[in-house]
>>> print(open('work_31.pdb').read())   # PDB, C-alpha atoms
ATOM      1  CA  MET A  15     -60.058  14.400   6.765
ATOM      2  CA  LYS A  16     -61.527  11.644   4.611
ATOM      3  CA  VAL A  17     -59.288   8.561   4.858
ATOM      4  CA  VAL A  18     -59.478   5.387   2.779
ATOM      5  CA  ILE A  19     -57.625   2.330   4.064
ATOM      6  CA  LEU A  20     -56.836  -0.360   1.511
ATOM      7  CA  GLN A  21     -56.398  -3.602   3.446
ATOM      8  CA  GLY A  22     -54.190  -5.668   1.174
ATOM      9  CA  SER A  23     -53.973  -8.757   3.337
ATOM     10  CA  ALA A  24     -55.974 -11.890   2.582
ATOM     11  CA  ARG A  25     -56.247 -12.561   6.310
ATOM     12  CA  LYS A  26     -59.100 -10.441   7.589
ATOM     13  CA  LYS A  27     -57.796 -10.652  11.167
ATOM     14  CA  GLY A  28     -54.071 -11.116  10.568
ATOM     15  CA  ASN A  29     -51.055  -9.049  11.577
ATOM     16  CA  THR A  30     -51.635  -6.293   9.035
ATOM     17  CA  ALA A  31     -55.292  -6.019  10.030
ATOM     18  CA  ARG A  32     -54.354  -5.734  13.712
ATOM     19  CA  VAL A  33     -51.968  -2.842  13.042
ATOM     20  CA  LEU A  34     -54.546  -1.161  10.796
ATOM     21  CA  THR A  35     -57.150  -1.408  13.562
ATOM     22  CA  TRP A  36     -54.887   0.545  15.916
ATOM     23  CA  VAL A  37     -54.196   3.144  13.212
ATOM     24  CA  GLU A  38     -57.880   3.371  12.328
ATOM     25  CA  ASP A  39     -58.982   3.707  15.969
ATOM     26  CA  GLU A  40     -56.548   6.565  16.545
ATOM     27  CA  LEU A  41     -57.605   8.348  13.355
ATOM     28  CA  GLN A  42     -61.262   8.078  14.413
ATOM     29  CA  THR A  43     -60.366   9.399  17.868
ATOM     30  CA  LEU A  44     -58.747  12.381  16.147
ATOM     31  CA  GLY A  45     -62.024  13.024  14.287
ATOM     32  CA  HIS A  46     -61.223  11.712  10.824
ATOM     33  CA  GLU A  47     -63.734   9.914   8.601
ATOM     34  CA  ILE A  48     -62.453   6.400   7.865
ATOM     35  CA  GLU A  49     -63.424   3.788   5.317
ATOM     36  CA  ARG A  50     -61.533   0.510   5.232
ATOM     37  CA  ILE A  51     -61.769  -1.595   2.081
ATOM     38  CA  TYR A  52     -60.980  -5.275   2.494
ATOM     39  CA  LEU A  53     -59.516  -5.972  -0.948
ATOM     40  CA  HIS A  54     -59.556  -9.765  -0.699
ATOM     41  CA  SER A  55     -63.373  -9.734  -0.877
ATOM     42  CA  LYS A  56     -63.342  -7.710  -4.120
ATOM     43  CA  ASN A  57     -63.155  -8.900  -7.709
ATOM     44  CA  LEU A  58     -59.897  -7.180  -8.732
ATOM     45  CA  LYS A  59     -58.138  -7.955 -11.979
ATOM     46  CA  GLY A  60     -54.534  -7.103 -12.721
ATOM     47  CA  CYS A  61     -53.530  -4.379 -15.163
ATOM     48  CA  MET A  62     -53.326  -5.584 -18.783
ATOM     49  CA  GLY A  63     -51.020  -2.751 -19.866
ATOM     50  CA  CYS A  64     -53.291  -1.905 -22.797
ATOM     51  CA  GLY A  65     -53.178   1.857 -22.165
ATOM     52  CA  LYS A  66     -56.905   2.407 -22.758
ATOM     53  CA  CYS A  67     -57.132   4.169 -19.393
ATOM     54  CA  LYS A  68     -54.823   6.911 -20.707
ATOM     55  CA  GLU A  69     -57.407   7.917 -23.306
ATOM     56  CA  LYS A  70     -59.737   9.148 -20.576
ATOM     57  CA  PRO A  71     -58.028   9.428 -17.162
ATOM     58  CA  VAL A  72     -60.875   8.814 -14.771
ATOM     59  CA  PRO A  73     -61.066   6.211 -12.027
ATOM     60  CA  THR A  74     -63.442   4.172 -14.177
ATOM     61  CA  GLY A  75     -61.433   4.492 -17.427
ATOM     62  CA  CYS A  76     -60.294   0.866 -17.509
ATOM     63  CA  ILE A  77     -61.924  -1.498 -20.012
ATOM     64  CA  GLN A  78     -62.012  -4.366 -17.512
ATOM     65  CA  LYS A  79     -65.226  -5.152 -15.695
ATOM     66  CA  ASP A  80     -64.509  -5.721 -12.015
ATOM     67  CA  ASP A  81     -64.774  -3.938  -8.646
ATOM     68  CA  MET A  82     -61.787  -1.665  -9.263
ATOM     69  CA  PRO A  83     -63.795   1.428 -10.347
ATOM     70  CA  GLU A  84     -65.537   1.454  -6.942
ATOM     71  CA  VAL A  85     -62.187   1.215  -5.149
ATOM     72  CA  MET A  86     -60.543   3.815  -7.379
ATOM     73  CA  GLU A  87     -63.362   6.326  -6.951
ATOM     74  CA  LYS A  88     -62.990   6.091  -3.185
ATOM     75  CA  VAL A  89     -59.217   6.545  -3.404
ATOM     76  CA  VAL A  90     -59.562   9.574  -5.689
ATOM     77  CA  GLY A  91     -62.218  11.047  -3.374
ATOM     78  CA  SER A  92     -60.087  10.770  -0.242
ATOM     79  CA  GLN A  93     -57.566  13.165   1.233
ATOM     80  CA  LEU A  94     -55.429  10.341   2.617
ATOM     81  CA  THR A  95     -55.080   6.807   1.317
ATOM     82  CA  ILE A  96     -53.385   4.164   3.435
ATOM     83  CA  PHE A  97     -52.057   1.260   1.397
ATOM     84  CA  SER A  98     -51.352  -1.857   3.454
ATOM     85  CA  SER A  99     -49.820  -5.245   2.879
ATOM     86  CA  PRO A 100     -48.014  -8.086   4.520
ATOM     87  CA  LEU A 101     -44.558  -8.526   3.032
ATOM     88  CA  TYR A 102     -44.671 -11.426   0.564
ATOM     89  CA  PHE A 103     -41.389 -12.392  -1.083
ATOM     90  CA  TRP A 104     -39.916  -8.874  -0.706
ATOM     91  CA  GLY A 105     -43.004  -7.181  -2.102
ATOM     92  CA  PHE A 106     -46.694  -6.426  -1.920
ATOM     93  CA  SER A 107     -49.502  -8.975  -1.659
ATOM     94  CA  ALA A 108     -51.417  -9.724  -4.862
ATOM     95  CA  GLN A 109     -54.481  -7.846  -3.594
ATOM     96  CA  ILE A 110     -52.766  -4.492  -3.086
ATOM     97  CA  LYS A 111     -50.446  -4.966  -6.067
ATOM     98  CA  ALA A 112     -53.484  -5.216  -8.352
ATOM     99  CA  VAL A 113     -54.705  -1.866  -7.037
ATOM    100  CA  ILE A 114     -51.279  -0.238  -7.293
ATOM    101  CA  ASP A 115     -50.848  -1.408 -10.887
ATOM    102  CA  ARG A 116     -54.267  -0.134 -11.864
ATOM    103  CA  THR A 117     -53.484   3.336 -10.445
ATOM    104  CA  TYR A 118     -51.608   3.714 -13.722
ATOM    105  CA  SER A 119     -54.935   5.214 -14.830
ATOM    106  CA  PHE A 120     -54.538   8.122 -12.380
ATOM    107  CA  TYR A 121     -51.952  10.095 -14.293
ATOM    108  CA  THR A 122     -51.087  11.266 -17.778
ATOM    109  CA  ASN A 123     -47.957  12.642 -19.431
ATOM    110  CA  ALA A 124     -45.588  11.405 -16.727
ATOM    111  CA  ASN A 125     -42.339  13.344 -16.450
ATOM    112  CA  GLN A 126     -43.567  15.976 -18.906
ATOM    113  CA  PRO A 127     -44.424  19.624 -18.136
ATOM    114  CA  ASP A 128     -48.155  18.818 -18.383
ATOM    115  CA  HIS A 129     -47.964  15.741 -16.107
ATOM    116  CA  SER A 130     -51.304  15.556 -14.320
ATOM    117  CA  SER A 131     -52.775  13.194 -11.761
ATOM    118  CA  LEU A 132     -56.208  12.557 -10.300
ATOM    119  CA  VAL A 133     -54.584  12.295  -6.846
ATOM    120  CA  ASP A 134     -52.238  15.285  -7.151
ATOM    121  CA  GLY A 135     -51.391  16.467  -3.618
ATOM    122  CA  GLN A 136     -53.169  13.573  -1.890
ATOM    123  CA  ARG A 137     -51.483  12.196   1.209
ATOM    124  CA  GLN A 138     -50.574   8.515   0.893
ATOM    125  CA  ALA A 139     -49.153   6.222   3.547
ATOM    126  CA  LEU A 140     -48.011   2.616   3.774
ATOM    127  CA  VAL A 141     -48.518   0.076   6.560
ATOM    128  CA  ALA A 142     -46.642  -3.198   6.114
ATOM    129  CA  THR A 143     -45.935  -6.192   8.297
ATOM    130  CA  GLY A 144     -43.435  -8.983   7.924
ATOM    131  CA  ALA A 145     -41.941 -11.968   9.691
ATOM    132  CA  GLY A 146     -38.381 -10.852   8.994
ATOM    133  CA  GLY A 147     -36.508  -7.643   9.662
ATOM    134  CA  PHE A 148     -36.297  -4.566   7.479
ATOM    135  CA  ASP A 149     -32.783  -5.028   6.059
ATOM    136  CA  GLU A 150     -32.557  -7.088   2.880
ATOM    137  CA  ASN A 151     -36.261  -7.698   3.167
ATOM    138  CA  ALA A 152     -38.591  -4.693   3.077
ATOM    139  CA  GLU A 153     -36.484  -2.102   1.231
ATOM    140  CA  GLY A 154     -37.870  -2.999  -2.204
ATOM    141  CA  MET A 155     -41.462  -2.608  -1.102
ATOM    142  CA  ILE A 156     -40.799   0.692   0.644
ATOM    143  CA  ASP A 157     -38.790   2.015  -2.323
ATOM    144  CA  ALA A 158     -41.504   1.027  -4.817
ATOM    145  CA  PHE A 159     -44.140   2.742  -2.711
ATOM    146  CA  GLY A 160     -42.126   5.957  -2.623
ATOM    147  CA  ARG A 161     -41.584   5.860  -6.379
ATOM    148  CA  MET A 162     -45.322   5.525  -6.930
ATOM    149  CA  GLN A 163     -45.891   8.912  -5.288
ATOM    150  CA  LYS A 164     -43.791  10.606  -7.975
ATOM    151  CA  TYR A 165     -46.207   9.479 -10.676
ATOM    152  CA  HIS A 166     -49.265  10.068  -8.527
ATOM    153  CA  LYS A 167     -47.930  13.547  -7.673
ATOM    154  CA  ALA A 168     -48.921  12.594  -4.131
ATOM    155  CA  VAL A 169     -47.393  13.348  -0.753
ATOM    156  CA  ASN A 170     -45.739  10.423   0.989
ATOM    157  CA  ALA A 171     -47.243  10.898   4.446
ATOM    158  CA  GLY A 172     -45.257   8.059   5.998
ATOM    159  CA  THR A 173     -44.404   4.406   6.187
ATOM    160  CA  LEU A 174     -44.826   1.986   9.069
ATOM    161  CA  PHE A 175     -43.146  -1.409   8.833
ATOM    162  CA  ILE A 176     -43.695  -3.819  11.704
ATOM    163  CA  ASP A 177     -41.163  -6.643  11.616
ATOM    164  CA  SER A 178     -40.794  -9.946  13.443
ATOM    165  CA  CYS A 179     -44.530 -10.646  13.219
ATOM    166  CA  THR A 180     -45.754 -14.062  14.248
ATOM    167  CA  THR A 181     -49.416 -13.796  15.230
ATOM    168  CA  PRO A 182     -51.678 -10.822  15.958
ATOM    169  CA  ASP A 183     -51.936 -11.902  19.604
ATOM    170  CA  ALA A 184     -48.141 -11.694  19.948
ATOM    171  CA  MET A 185     -48.152  -7.981  19.118
ATOM    172  CA  ASP A 186     -47.459  -6.017  22.261
ATOM    173  CA  ASP A 187     -48.243  -2.534  23.497
ATOM    174  CA  ALA A 188     -45.014  -1.170  21.983
ATOM    175  CA  ILE A 189     -46.310  -2.052  18.505
ATOM    176  CA  ARG A 190     -49.678  -0.555  19.348
ATOM    177  CA  GLN A 191     -47.934   2.669  20.379
ATOM    178  CA  LYS A 192     -46.005   2.743  17.079
ATOM    179  CA  ALA A 193     -49.310   2.432  15.216
ATOM    180  CA  ILE A 194     -50.862   5.269  17.238
ATOM    181  CA  GLU A 195     -47.861   7.542  16.674
ATOM    182  CA  PHE A 196     -47.923   6.705  12.978
ATOM    183  CA  ALA A 197     -51.636   7.609  12.750
ATOM    184  CA  ARG A 198     -50.935  10.997  14.332
ATOM    185  CA  LYS A 199     -47.991  11.617  12.003
ATOM    186  CA  ILE A 200     -49.767  10.879   8.720
ATOM    187  CA  VAL A 201     -52.504  13.436   9.341
ATOM    188  CA  SER A 202     -50.334  16.263  10.642
TER     189      SER A 202
END
>>> encode(input="work_31.pdb", output="structure tokens")
Amino acid sequence: MKVVILQGSARKKGNTARVLTWVEDELQTLGHEIERIYLHSKNLKGCMGCGKCKEKPVPTGCIQKDDMPEVMEKVVGSQLTIFSSPLYFWGFSAQIKAVIDRTYSFYTNANQPDHSSLVDGQRQALVATGAGGFDENAEGMIDAFGRMQKYHKAVNAGTLFIDSCTTPDAMDDAIRQKAIEFARKIVS
């Protein structure tokens, strides 16, 4: 399976990156083709809400000139996309939020009989990390991610939230095992 991982953390070697490494290693062990995109190094502009992308729904349909078409083409060409983010103020980081907002270009005629999507049937998963617990903290992010799949017409393959994060070095083998189990789940 072709898997694209969208690393939405600014810290290249932070908590989210550590968890993604364990997920990625397990997916490679299982024989999947992996490409991780470090979003912080890309020139990604936020959605302007102009609707021009709806005139021609292709990954490159946006009028803005940035690195998003390259990212979008890889997402559309994958069988599984893993979105990832540290939890920032009950939501996604700016890097991954820019990508999520721009996926507005993926679908047309939402909630209509002819609703179509460039990622129809694609498996999508979420990896998130946070300093706090899940309750009254991560629910909004997880809920928003699930709602996105409705418009993408995608399959929510799973969500992994690792709480109580301090530093990558403080993550123990129990967290590593959760990441490995998650990797196996999202491809089965």
>>> resolve_selection(input="work_31.pdb", expression="the PyMOL selection byres ((chain A and resi 22) around 8)", output="list in words")
Leu20, Gln21, Ser23, Ala24, Tyr52, Leu53, His54, Phe97, Ser98, Ser99, Pro100, Ser107, Ala108, Gln109 and Ile110 of chain A
>>> closest_residue(input="work_31.pdb", among="A:Val133, A:Ile114, A:Met15, A:Ala145", to="Thr181 in chain A", atoms="all atoms listed in the file")
A:Ala145
>>> axis_aligned_box(input="work_31.pdb", around="range 93-100 of chain A", padding_each_side="6 Å", output="AutoDock Vina command-line options")
--center_x -52.8 --center_y 2.5 --center_z 2.9 --size_x 21.6 --size_y 33.3 --size_z 15.3
>>> closest_residue(input="work_31.pdb", among="A:Gly105, A:Ala31, A:Gly45, A:Asp157", to="Met185 in chain A", atoms="all atoms listed in the file")
A:Ala31
>>> closest_residue(input="work_31.pdb", among="A:Gln191, A:Asn125, A:Ser202, A:Thr180", to="Asn29 in chain A", atoms="all atoms listed in the file")
A:Thr180
>>> resolve_selection(input="work_31.pdb", expression="the PyMOL selection byres ((chain A and resi 156) around 10)", output="MDAnalysis selection string")
chainID A and resid 104:106 140:142 148 151:155 157:161 173:175
>>> closest_residue(input="work_31.pdb", among="A:Ala124, A:Val85, A:Ile96, A:Ala139", to="Lys164 in chain A", atoms="all atoms listed in the file")
A:Ala124
>>> residues_around(input="work_31.pdb", residues="Ala171 in chain A", least_positions_apart="3", cutoff="9 Å", atoms="all atoms listed in the file", output="ChimeraX atom specification")
/A:94,137-140,168,199-202
>>> closest_residue(input="work_31.pdb", among="A:Lys27, A:Met62, A:Asn123, A:Lys16", to="His46 in chain A", atoms="all atoms listed in the file")
A:Lys16
>>> residues_around(input="work_31.pdb", residues="Glu195 in chain A", least_positions_apart="6", cutoff="12 Å", atoms="all atoms listed in the file", output="list of chain:residue names")
A:Val33, A:Trp36, A:Val37, A:Glu38, A:Asp39, A:Glu40, A:Leu41, A:Leu44, A:Gly172, A:Thr173, A:Leu174, A:Ala188, A:Ile189, A:Val201, A:Ser202
>>> write_last_selection(input="work_31.pdb", atoms="C-alpha atoms", output="PDB file, keeping the file's coordinate frame")
ATOM      1  CA  VAL A  33     -51.968  -2.842  13.042  1.00  0.00           C
ATOM      2  CA  TRP A  36     -54.887   0.545  15.916  1.00  0.00           C
ATOM      3  CA  VAL A  37     -54.196   3.144  13.212  1.00  0.00           C
ATOM      4  CA  GLU A  38     -57.880   3.371  12.328  1.00  0.00           C
ATOM      5  CA  ASP A  39     -58.982   3.707  15.969  1.00  0.00           C
ATOM      6  CA  GLU A  40     -56.548   6.565  16.545  1.00  0.00           C
ATOM      7  CA  LEU A  41     -57.605   8.348  13.355  1.00  0.00           C
ATOM      8  CA  LEU A  44     -58.747  12.381  16.147  1.00  0.00           C
ATOM      9  CA  GLY A 172     -45.257   8.059   5.998  1.00  0.00           C
ATOM     10  CA  THR A 173     -44.404   4.406   6.187  1.00  0.00           C
ATOM     11  CA  LEU A 174     -44.826   1.986   9.069  1.00  0.00           C
ATOM     12  CA  ALA A 188     -45.014  -1.170  21.983  1.00  0.00           C
ATOM     13  CA  ILE A 189     -46.310  -2.052  18.505  1.00  0.00           C
ATOM     14  CA  VAL A 201     -52.504  13.436   9.341  1.00  0.00           C
ATOM     15  CA  SER A 202     -50.334  16.263  10.642  1.00  0.00           C
TER      16      SER A 202
END
>>> atom_distance(input="work_31.pdb", atom1="CA of Thr117 in chain A", atom2="CA of Glu84 in chain A")
12.7 Å
>>> closest_residue(input="work_31.pdb", among="A:Thr143, A:Asn57, A:Thr122, A:Ser178", to="Gly28 in chain A", atoms="only C-alpha atoms")
A:Thr143
>>> resolve_selection(input="work_31.pdb", expression="the PyMOL selection byres ((chain A and resi 67) around 12)", output="ChimeraX atom specification")
/A:61-66,68-78,83,115-122
>>> atom_distance(input="work_31.pdb", atom1="CA of Phe196 in chain A", atom2="CA of Gly147 in chain A")
18.6 Å
>>> atom_distance(input="work_31.pdb", atom1="CA of Ser131 in chain A", atom2="CA of Met162 in chain A")
11.7 Å
